[in-house]
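Student: This is upload.cif, which holds mmCIF, C-alpha atoms and all ligand atoms:
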data_work
#
loop_
_atom_site.label_atom_id
_atom_site.label_comp_id
_atom_site.auth_asym_id
_atom_site.auth_seq_id
_atom_site.Cartn_x
_atom_site.Cartn_y
_atom_site.Cartn_z
CA MET C 295 103.23 135.86 260.89
CA SER C 296 99.78 136.10 262.45
CA PHE C 297 97.62 133.11 263.37
CA CYS C 298 94.78 135.12 261.78
CA LYS C 299 96.37 135.43 258.33
CA THR C 300 98.12 133.07 255.95
CA ASN C 301 101.61 133.40 254.52
CA ASP C 302 103.47 131.52 251.80
CA THR C 303 106.98 131.54 253.22
CA ILE C 304 108.55 131.13 256.65
CA LYS C 305 110.05 134.23 258.27
CA GLU C 306 112.23 134.69 261.35
CA GLY C 307 109.99 135.03 264.45
CA ASP C 308 107.17 132.88 263.02
CA THR C 309 105.68 130.18 265.26
CA VAL C 310 105.70 127.13 262.98
CA ILE C 311 104.42 123.62 263.58
CA ILE C 312 106.89 120.78 263.07
CA TYR C 313 104.99 117.75 261.78
CA PHE C 314 106.42 114.33 262.62
CA SER C 315 103.21 112.31 262.22
CA PHE C 316 99.44 112.84 262.48
CA ASN C 317 99.60 112.58 266.29
CA GLN C 318 103.00 114.18 266.78
CA LEU C 319 103.34 117.89 266.21
CA GLN C 320 105.55 120.44 267.89
CA PRO C 321 105.35 124.25 267.72
CA ILE C 322 108.64 126.19 267.57
CA LYS C 323 109.51 129.85 267.17
CA VAL C 324 111.97 130.37 264.30
CA LYS C 325 115.15 132.08 265.45
CA ARG C 326 118.24 132.43 263.25
CA GLY C 327 121.26 130.89 264.98
CA SER C 328 119.19 128.23 266.84
CA ASN C 329 119.17 124.49 266.23
CA HIS C 330 116.19 122.21 266.81
CA HIS C 331 116.64 118.62 267.95
CA THR C 332 114.07 116.04 266.90
CA LYS C 333 113.87 112.26 266.95
CA TYR C 334 115.07 112.42 263.33
CA GLY C 335 118.16 114.39 264.29
CA SER C 336 118.60 118.17 264.26
CA PHE C 337 118.08 121.02 261.79
CA LYS C 338 119.07 124.68 261.78
CA HIS C 339 116.27 127.25 262.15
CA ALA C 340 118.08 129.28 259.48
CA ASP C 341 117.31 126.45 257.01
CA LEU C 342 113.58 127.18 257.42
CA ILE C 343 113.71 130.90 256.67
CA GLY C 344 112.49 131.66 253.14
CA LYS C 345 111.16 128.12 252.60
CA LYS C 346 107.52 127.58 251.64
CA TYR C 347 105.14 126.36 254.34
CA GLY C 348 104.52 122.67 253.79
CA SER C 349 108.18 122.04 252.81
CA ARG C 350 109.97 118.90 253.88
CA ILE C 351 113.05 119.75 255.93
CA GLN C 352 116.11 117.54 256.01
CA CYS C 353 117.30 116.65 259.53
CA THR C 354 120.51 114.73 260.19
CA GLN C 355 118.64 111.39 260.31
CA GLY C 356 115.36 111.93 258.47
CA THR C 357 112.87 114.57 257.41
CA VAL C 358 110.04 116.57 258.99
CA ILE C 359 107.42 118.89 257.47
CA VAL C 360 107.01 122.54 258.50
CA LEU C 361 103.40 123.75 258.72
CA GLN C 362 101.91 127.16 259.29
CA GLY C 363 100.54 128.03 262.74
CA SER C 364 96.75 128.40 262.94
CA PRO C 365 94.23 128.09 265.80
CA GLU C 366 93.48 124.47 264.80
CA MET C 367 97.16 123.49 264.61
CA TRP C 368 97.81 125.30 267.91
CA THR C 369 95.01 123.37 269.64
CA ILE C 370 96.61 120.01 268.73
CA SER C 371 100.19 121.03 269.49
CA LEU C 372 100.13 123.62 272.30
CA PRO C 373 101.87 123.13 275.64
CA HIS C 374 99.05 122.11 278.03
CA ARG C 375 98.72 124.13 281.22
CA THR C 376 95.14 122.95 281.77
CA GLN C 377 92.44 120.82 280.16
CA ILE C 378 91.59 122.46 276.85
CA ILE C 379 88.67 122.81 274.47
CA TYR C 380 89.16 120.94 271.18
CA THR C 381 88.09 121.83 267.67
CA PRO C 382 84.85 119.72 267.56
CA ASN C 383 83.51 121.68 270.57
CA ILE C 384 85.03 124.96 269.35
CA SER C 385 83.09 124.74 266.10
CA VAL C 386 79.79 124.26 267.97
CA ILE C 387 80.62 127.15 270.32
CA THR C 388 81.50 129.51 267.48
CA MET C 389 78.34 128.69 265.55
CA GLN C 390 75.93 128.71 268.49
CA LEU C 391 77.32 131.97 269.91
CA ASP C 392 76.80 133.46 266.44
CA LEU C 393 80.36 134.78 266.36
CA LYS C 394 81.63 136.65 263.33
CA PRO C 395 84.16 139.36 262.42
CA GLY C 396 83.42 142.33 264.68
CA SER C 397 81.93 140.36 267.62
CA ILE C 398 82.93 141.34 271.15
CA VAL C 399 83.48 138.23 273.28
CA ILE C 400 84.19 137.68 276.98
CA GLU C 401 85.84 134.41 278.05
CA SER C 402 86.87 132.85 281.36
CA GLY C 403 89.11 131.07 282.23
CA THR C 404 91.79 131.53 279.65
CA GLY C 405 93.54 128.29 280.67
CA SER C 406 95.88 127.17 277.87
CA ALA C 407 94.22 129.62 275.44
CA SER C 408 93.19 126.89 272.99
CA LEU C 409 89.69 128.31 272.56
CA SER C 410 90.98 131.91 272.77
CA HIS C 411 93.01 131.55 269.56
CA ALA C 412 89.98 130.24 267.66
CA LEU C 413 87.74 133.00 269.04
CA ILE C 414 90.24 135.67 268.02
CA ARG C 415 90.51 134.34 264.46
CA THR C 416 86.69 134.29 264.15
CA ILE C 417 86.13 137.87 265.34
CA PHE C 418 89.23 139.26 263.56
CA PRO C 419 89.86 142.01 262.43
CA THR C 420 87.24 144.33 263.95
CA GLY C 421 86.13 142.37 267.04
CA HIS C 422 87.79 141.90 270.41
CA LEU C 423 88.24 139.11 272.95
CA HIS C 424 88.37 139.91 276.68
CA THR C 425 89.76 136.82 278.41
CA PHE C 426 89.88 136.42 282.23
CA GLU C 427 92.15 134.08 284.21
CA PHE C 428 92.77 134.05 287.97
CA HIS C 429 96.02 132.04 287.78
CA LEU C 430 98.72 134.70 287.39
CA GLN C 431 101.27 132.63 285.47
CA ARG C 432 98.63 131.28 283.06
CA SER C 433 97.40 134.78 282.29
CA GLU C 434 100.96 136.01 281.68
CA THR C 435 101.86 133.03 279.46
CA ALA C 436 98.70 133.54 277.39
CA ARG C 437 99.52 137.24 276.95
CA LYS C 438 103.06 136.32 275.79
CA GLU C 439 101.74 133.71 273.34
CA PHE C 440 99.21 136.14 271.85
CA LYS C 441 102.08 138.57 271.21
CA GLU C 442 104.24 135.84 269.62
CA HIS C 443 101.34 134.81 267.39
CA ASP C 444 100.75 138.43 266.38
CA VAL C 445 97.15 138.53 267.59
CA SER C 446 97.55 140.70 270.71
CA ASP C 447 95.76 143.68 269.08
CA TYR C 448 92.55 141.66 269.17
CA VAL C 449 92.66 140.34 272.74
CA THR C 450 93.00 141.70 276.29
CA VAL C 451 94.06 139.32 279.06
CA TYR C 452 92.85 140.11 282.61
CA HIS C 453 94.22 138.53 285.76
CA ARG C 454 91.05 138.32 287.84
CA ASP C 455 88.77 135.98 289.78
CA VAL C 456 85.49 136.36 287.89
CA CYS C 457 83.47 134.36 290.43
CA SER C 458 84.27 136.66 293.34
CA ASP C 459 85.02 139.95 291.50
CA GLY C 460 82.94 139.65 288.33
CA PHE C 461 84.02 140.78 284.85
CA GLY C 462 83.83 144.51 285.64
CA LYS C 463 82.21 145.16 282.24
CA GLU C 464 78.78 146.55 281.37
CA ASP C 465 76.73 146.37 278.15
CA LEU C 466 79.82 145.39 276.14
CA ALA C 467 79.75 141.79 274.89
CA ASP C 468 77.86 140.03 272.13
CA ALA C 469 78.69 136.71 273.77
CA VAL C 470 80.18 135.25 276.95
CA PHE C 471 81.91 131.89 277.23
CA LEU C 472 82.57 130.19 280.59
CA ASP C 473 84.94 127.26 281.20
CA LEU C 474 85.03 127.36 285.01
CA PRO C 475 84.56 124.86 287.84
CA SER C 476 81.65 126.95 289.25
CA PRO C 477 80.23 128.78 286.23
CA TRP C 478 76.91 129.62 287.94
CA LYS C 479 78.84 132.04 290.18
CA ALA C 480 79.85 134.17 287.17
CA ILE C 481 76.51 134.32 285.35
CA GLU C 482 75.10 137.41 287.06
CA SER C 483 78.21 139.39 286.16
CA ALA C 484 78.15 137.89 282.63
CA LYS C 485 74.59 139.19 282.24
CA THR C 486 75.74 142.71 283.17
CA ALA C 487 78.59 142.41 280.66
CA ILE C 488 76.30 141.42 277.75
CA LYS C 489 75.13 144.23 275.43
CA ARG C 490 71.92 146.11 276.23
CA GLU C 491 70.29 144.64 273.11
CA GLY C 492 71.05 141.13 274.42
CA GLY C 493 73.43 138.35 273.44
CA ARG C 494 74.40 134.72 273.87
CA ILE C 495 76.14 132.76 276.59
CA CYS C 496 77.78 129.33 276.66
CA SER C 497 79.14 127.32 279.57
CA PHE C 498 81.34 124.22 279.18
CA SER C 499 81.08 121.67 282.00
CA PRO C 500 82.43 118.13 282.22
CA CYS C 501 79.59 116.86 284.44
CA ILE C 502 75.81 117.04 284.40
CA GLU C 503 75.50 118.33 287.99
CA GLN C 504 77.32 121.52 286.94
CA VAL C 505 75.05 121.77 283.91
CA GLN C 506 71.97 121.56 286.17
CA LYS C 507 73.20 124.31 288.51
CA THR C 508 74.21 126.52 285.59
CA SER C 509 70.87 126.05 283.83
CA LEU C 510 68.91 126.90 287.00
CA GLU C 511 70.93 130.07 287.47
CA LEU C 512 70.50 131.05 283.80
CA ALA C 513 66.73 130.61 284.14
CA ARG C 514 66.64 132.56 287.42
CA LEU C 515 68.41 135.48 285.75
CA GLY C 516 65.96 135.60 282.85
CA PHE C 517 67.99 133.87 280.12
CA VAL C 518 65.81 132.02 277.61
CA ASN C 519 66.23 129.19 275.08
CA ILE C 520 68.48 127.26 277.48
CA PHE C 521 69.75 124.00 276.03
CA THR C 522 72.71 121.65 276.42
CA VAL C 523 74.55 119.75 273.70
CA GLU C 524 77.31 117.17 273.72
CA SER C 525 79.54 117.00 270.68
CA LEU C 526 80.77 113.45 270.19
CA ARG C 527 83.01 111.89 267.58
CA ARG C 528 81.26 109.09 265.72
CA VAL C 529 83.35 106.79 263.57
CA LEU C 530 81.68 105.57 260.39
CA SER C 531 82.71 102.70 258.16
CA ILE C 532 82.38 103.82 254.54
CA LYS C 533 81.77 101.17 251.87
CA LYS C 534 81.23 101.44 248.13
CA TYR C 535 78.58 99.35 246.39
CA ASP C 536 77.74 99.01 242.70
CA LEU C 537 73.95 98.86 242.76
CA PRO C 538 71.92 98.11 239.62
CA ASP C 539 70.12 101.00 237.97
CA PHE C 540 66.37 100.65 237.95
CA ASP C 541 65.17 100.89 234.36
CA PHE C 542 61.69 102.43 234.51
CA ASN C 543 61.03 101.78 230.79
CA MET C 544 61.79 98.12 230.91
CA ASP C 545 59.04 95.59 230.25
CA TRP C 546 59.36 93.44 233.34
CA LEU C 547 57.21 90.71 231.80
CA LYS C 548 60.08 90.16 229.37
CA TYR C 549 62.82 90.47 232.01
CA LYS C 550 65.43 87.78 231.65
CA GLY C 551 65.93 87.57 235.42
CA ASN C 552 69.10 86.08 236.76
CA GLY C 553 69.39 83.61 233.93
CA GLN C 554 66.57 81.34 235.08
CA GLU C 555 63.66 82.21 232.86
CA ASN C 556 60.17 82.21 234.24
CA GLU C 557 58.26 79.54 232.35
CA ASN C 558 54.91 81.33 232.54
CA GLN C 559 56.34 84.62 231.36
CA ASN C 560 58.25 82.99 228.56
CA ASP C 561 55.10 81.39 227.29
CA GLN C 562 53.87 84.88 226.44
CA ILE C 563 57.12 86.03 224.79
CA ASP C 564 57.95 85.57 221.14
CA LYS C 565 60.98 83.29 221.21
CA ASN C 566 62.69 85.34 218.48
CA GLU C 567 62.27 88.64 220.30
CA GLU C 568 65.36 89.88 222.11
CA LYS C 569 64.83 89.83 225.85
CA PRO C 570 65.62 93.15 227.59
CA VAL C 571 67.88 93.34 230.59
CA PRO C 572 68.26 96.37 232.92
CA LYS C 573 71.47 98.25 232.18
CA LYS C 574 73.40 97.46 235.35
CA ILE C 575 72.25 93.91 235.66
CA LYS C 576 73.34 93.28 232.08
CA LYS C 577 76.93 93.74 233.21
CA ASN C 578 76.50 91.05 235.85
CA PHE C 579 75.36 88.53 233.25
CA ASN C 580 77.79 89.45 230.55
CA GLU C 581 81.12 90.49 232.02
CA SER C 582 82.70 90.51 228.57
CA ASP C 583 80.39 93.34 227.46
CA ASP C 584 82.74 96.10 226.34
CA SER C 585 80.14 98.59 225.17
CA ASP C 586 80.46 102.26 226.16
CA ASP C 587 77.49 102.00 228.53
CA GLU C 588 78.37 103.17 232.02
CA VAL C 589 77.85 99.79 233.52
CA ASP C 590 81.10 99.45 235.39
CA GLY C 591 79.78 101.25 238.46
CA SER C 592 82.55 103.84 238.56
CA THR C 593 80.14 106.73 238.01
CA ASP C 594 77.04 105.39 239.76
CA ALA C 595 78.72 103.78 242.75
CA THR C 596 76.76 104.19 245.96
CA TYR C 597 78.51 104.88 249.24
CA THR C 598 77.05 103.71 252.52
CA ALA C 599 78.11 104.83 256.00
CA LYS C 600 77.66 102.49 258.92
CA PRO C 601 78.50 103.53 262.51
CA ILE C 602 81.24 101.45 264.13
CA ASN C 603 80.42 100.45 267.69
CA ILE C 604 83.16 102.07 269.73
CA GLN C 605 82.80 103.85 273.04
CA PRO C 606 82.63 107.59 272.23
CA GLY C 607 84.92 109.75 274.40
CA HIS C 608 83.28 112.33 276.66
CA THR C 609 84.79 115.79 276.98
CA GLY C 610 81.92 117.84 278.34
CA PHE C 611 78.53 119.45 277.88
CA LEU C 612 77.94 122.83 276.25
CA THR C 613 75.02 124.78 277.72
CA PHE C 614 73.77 127.69 275.63
CA ALA C 615 71.26 130.43 276.44
CA THR C 616 70.04 133.74 275.06
CA LEU C 617 69.64 137.05 276.86
CA LEU C 618 66.92 139.12 275.18
CA HIS C 619 67.05 142.93 275.08
CA LYS C 620 67.60 144.05 278.67
CA ASP C 621 64.46 146.22 278.49
CA PHE C 622 62.36 143.07 277.98
CA HIS C 623 62.89 141.65 281.42
CA LYS C 624 63.64 143.08 284.83
CA VAL C 625 64.93 140.09 286.78
N1 LIG C 701 89.07 126.99 277.77
C1 LIG C 701 90.48 126.92 278.07
C2 LIG C 701 91.23 126.37 276.86
O1 LIG C 701 90.58 125.97 275.89
O2 LIG C 701 92.46 126.35 276.88
C3 LIG C 701 90.74 126.05 279.27
C4 LIG C 701 90.16 126.60 280.54
S1 LIG C 701 90.71 125.71 281.95
C5 LIG C 701 89.82 124.26 281.89
C6 LIG C 701 89.90 126.58 283.25
C7 LIG C 701 90.69 127.80 283.67
O3 LIG C 701 89.83 128.60 284.48
C8 LIG C 701 91.90 127.47 284.52
O4 LIG C 701 93.06 128.01 283.93
C9 LIG C 701 91.61 128.13 285.86
O5 LIG C 701 92.75 128.70 286.45
C10 LIG C 701 90.61 129.22 285.46
N2 LIG C 701 89.68 129.63 286.53
C11 LIG C 701 89.04 128.83 287.42
N3 LIG C 701 88.26 129.56 288.24
C12 LIG C 701 88.41 130.85 287.85
C13 LIG C 701 87.86 132.08 288.30
N4 LIG C 701 87.01 132.10 289.34
N5 LIG C 701 88.21 133.22 287.67
C14 LIG C 701 89.07 133.18 286.63
N6 LIG C 701 89.64 132.06 286.16
C15 LIG C 701 89.31 130.90 286.76
#
Give the structure from the file, written as structure tokens.

Tutor:
Amino acid sequence: MSFCKTNDTIKEGDTVIIYFSFNQLQPIKVKRGSNHHTKYGSFKHADLIGKKYGSRIQCTQGTVIVLQGSPEMWTISLPHRTQIIYTPNISVITMQLDLKPGSIVIESGTGSASLSHALIRTIFPTGHLHTFEFHLQRSETARKEFKEHDVSDYVTVYHRDVCSDGFGKEDLADAVFLDLPSPWKAIESAKTAIKREGGRICSFSPCIEQVQKTSLELARLGFVNIFTVESLRRVLSIKKYDLPDFDFNMDWLKYKGNGQENENQNDQIDKNEEKPVPKKIKKNFNESDDSDDEVDGSTDATYTAKPINIQPGHTGFLTFATLLHKDFHKV
């Protein structure tokens, strides 16, 4: 099973995600003959084979759910070797780098390959990811995981220090992504690696001092449209209100109000004439009204969203820039 495609049933060799709860997920590789031990007891891998993804699996002391591996599921369940980039930032990166099937992307460092999996799925099946990591074991583990997740045709892992040795690529990439402690040291080489007709670059940094250095270097090298964004989670409290409809045709001089009639208005109204009431408000005054009018609020309910005051967590800043056609500037 590939992390780039979907499948209905579980096969031997698939990397599946065992779901215990929203915050507790564990990836395992399905291997006939193996047992898996969980806090709900154990189950046989063989019991998974042929089952539909999403099935509940009986363990000796409870049940778990087996989910399909995908870049998003991998990001929240992968074994951490480093800090990783999470889906809220990944979505901004993918959109701002204008990535699509067929894009050629350069990335460094690979780290735990959280972002790499998402990049591969976005550029699949005709694009390619070149990912650079100077920590030997991390680069080897990433290569092994890409193979296990059946995406290795779309990615090449390089063991290399990009700050001292550069990317060693020329006029190749549509986009470059940097998640490095000193990204400004890799920008000159990134510029060489971007396609002749230009491209996009993004650098992730946890602190603003790194952002400043990176931005200055981007400007020095002729990148334009340099900007930094921070993607923060904002929790909203959603409430449902039944608001009265405003009846534009109503004669407000004859409005019955909230039951307390206006003496002056009533002087002008024929006592025998039925007093109109706006549709929604009518319900408030006459709860026993069982007419077919949609006055119960179920169809016209209004939702409001109010931010809850909690401290938003900081992950980092994303600095983006554009390199125009290389013929346009000679910096
Ligand atoms: N973006 C990755 C992810 O989502 O899983 C995490 C990247 S991690 C924070 C940074 C990685 O950059 C580390 O694995 C580190 O070894 C690597 N690195 C740092 N300096 C490097 C350099 N000069 N060349 C190549 N890799 C480097």

Student: When the cut-off is 7 Å and you count all atoms listed in the file, which residues lie near ligand LIG 701 (chain C), shown as a ChimeraX atom specification?

Tutor: /C:376-379,402-410,426-429,432,454-458,473-475

Student: By how many Å are atom CA of Ala436 of chain C and atom CA of Cys501 of chain C apart?

Tutor: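 Here the two named atoms are 26.3 Å from each other.
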
Student: Write out as number ranges by chain which residues come within 10 Å of segment 315-330 of chain C when counting only C-alpha atoms, dropping same-chain ones fewer than 6 positions away.

Tutor: C: 304-309, 336-343, 353, 358-363, 367-368, 370-373, 442-443

Student: Which distance in Å separates atom CA of Asp392 of chain C and atom CA of Leu530 of chain C, to one decimal?

Tutor: 29.0 Å

Student: Quick one: everything within 12 Å of Pro477 of chain C, counting all atoms listed in the file, minus sequence neighbours fewer than 5 positions away in the same chain. Send it as a VMD selection string.

Tutor: chain C and resid 401 to 403 455 to 458 460 470 to 472 482 to 484 495 to 500 503 to 512 612 to 613

Student: Using all atoms of segment 361-371 of chain C that appear in the file, construct an axis-aligned enclosing box with 6 Å of padding on every side and provide its centre coordinates and edge lengths in Å, rounded to one decimal, as lines of an AutoDock Vina configuration file.

Tutor:
center_x = 98.4
center_y = 124.2
center_z = 264.2
size_x = 21.9
size_y = 20.4
size_z = 22.9

Student: Go through C:Gly421, C:Arg494, C:Lys485, C:Asp621 one by one, measure the shortest atom-to-atom distance of each to Met389 of chain C using all atoms listed in the file, and give the residue with the smallest value.

Tutor: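 Ranking C:Gly421, C:Arg494, C:Lys485, C:Asp621 by distance to Met389 of chain C, first place goes to C:Arg494.
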
Student: Report, in Å to a single decimal, how far apart atom CA of Ser385 of chain C and atom CA of Thr616 of chain C are.

Tutor: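 Between atom CA of Thr616 of chain C and atom CA of Ser385 of chain C the gap is 18.2 Å.
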
Student: Between C:Asp447, C:Ser433, C:Tyr313, C:Thr357, which residue has the minimum interatomic distance to Ile417 of chain C, considering all atoms listed in the file?

Tutor: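 Of the candidates, the smallest distance to Ile417 of chain C is held by C:Asp447.
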
Student: May I ask which of the residues C:Thr303, C:Thr332, C:Ser349, C:Ser364 is the closest one to Asp444 of chain C, counting only C-alpha atoms?

Tutor: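 When distances to Asp444 of chain C are compared using only C-alpha atoms, the smallest one comes from C:Ser364.
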
Student: Got a sec: who's within 8 Å of Leu526 of chain C, counting all atoms listed in the file, leaving out chain neighbours fewer than 5 positions off, as a compact mmCIF listing (two decimals) with C-alpha atoms, in the coordinates of the input?

Tutor:
# COMPACT_ATOMS: atom_id res chain seq x y z
CA PRO C 382 84.85 119.72 267.56
CA PRO C 606 82.63 107.59 272.23
CA GLY C 607 84.92 109.75 274.40
CA HIS C 608 83.28 112.33 276.66
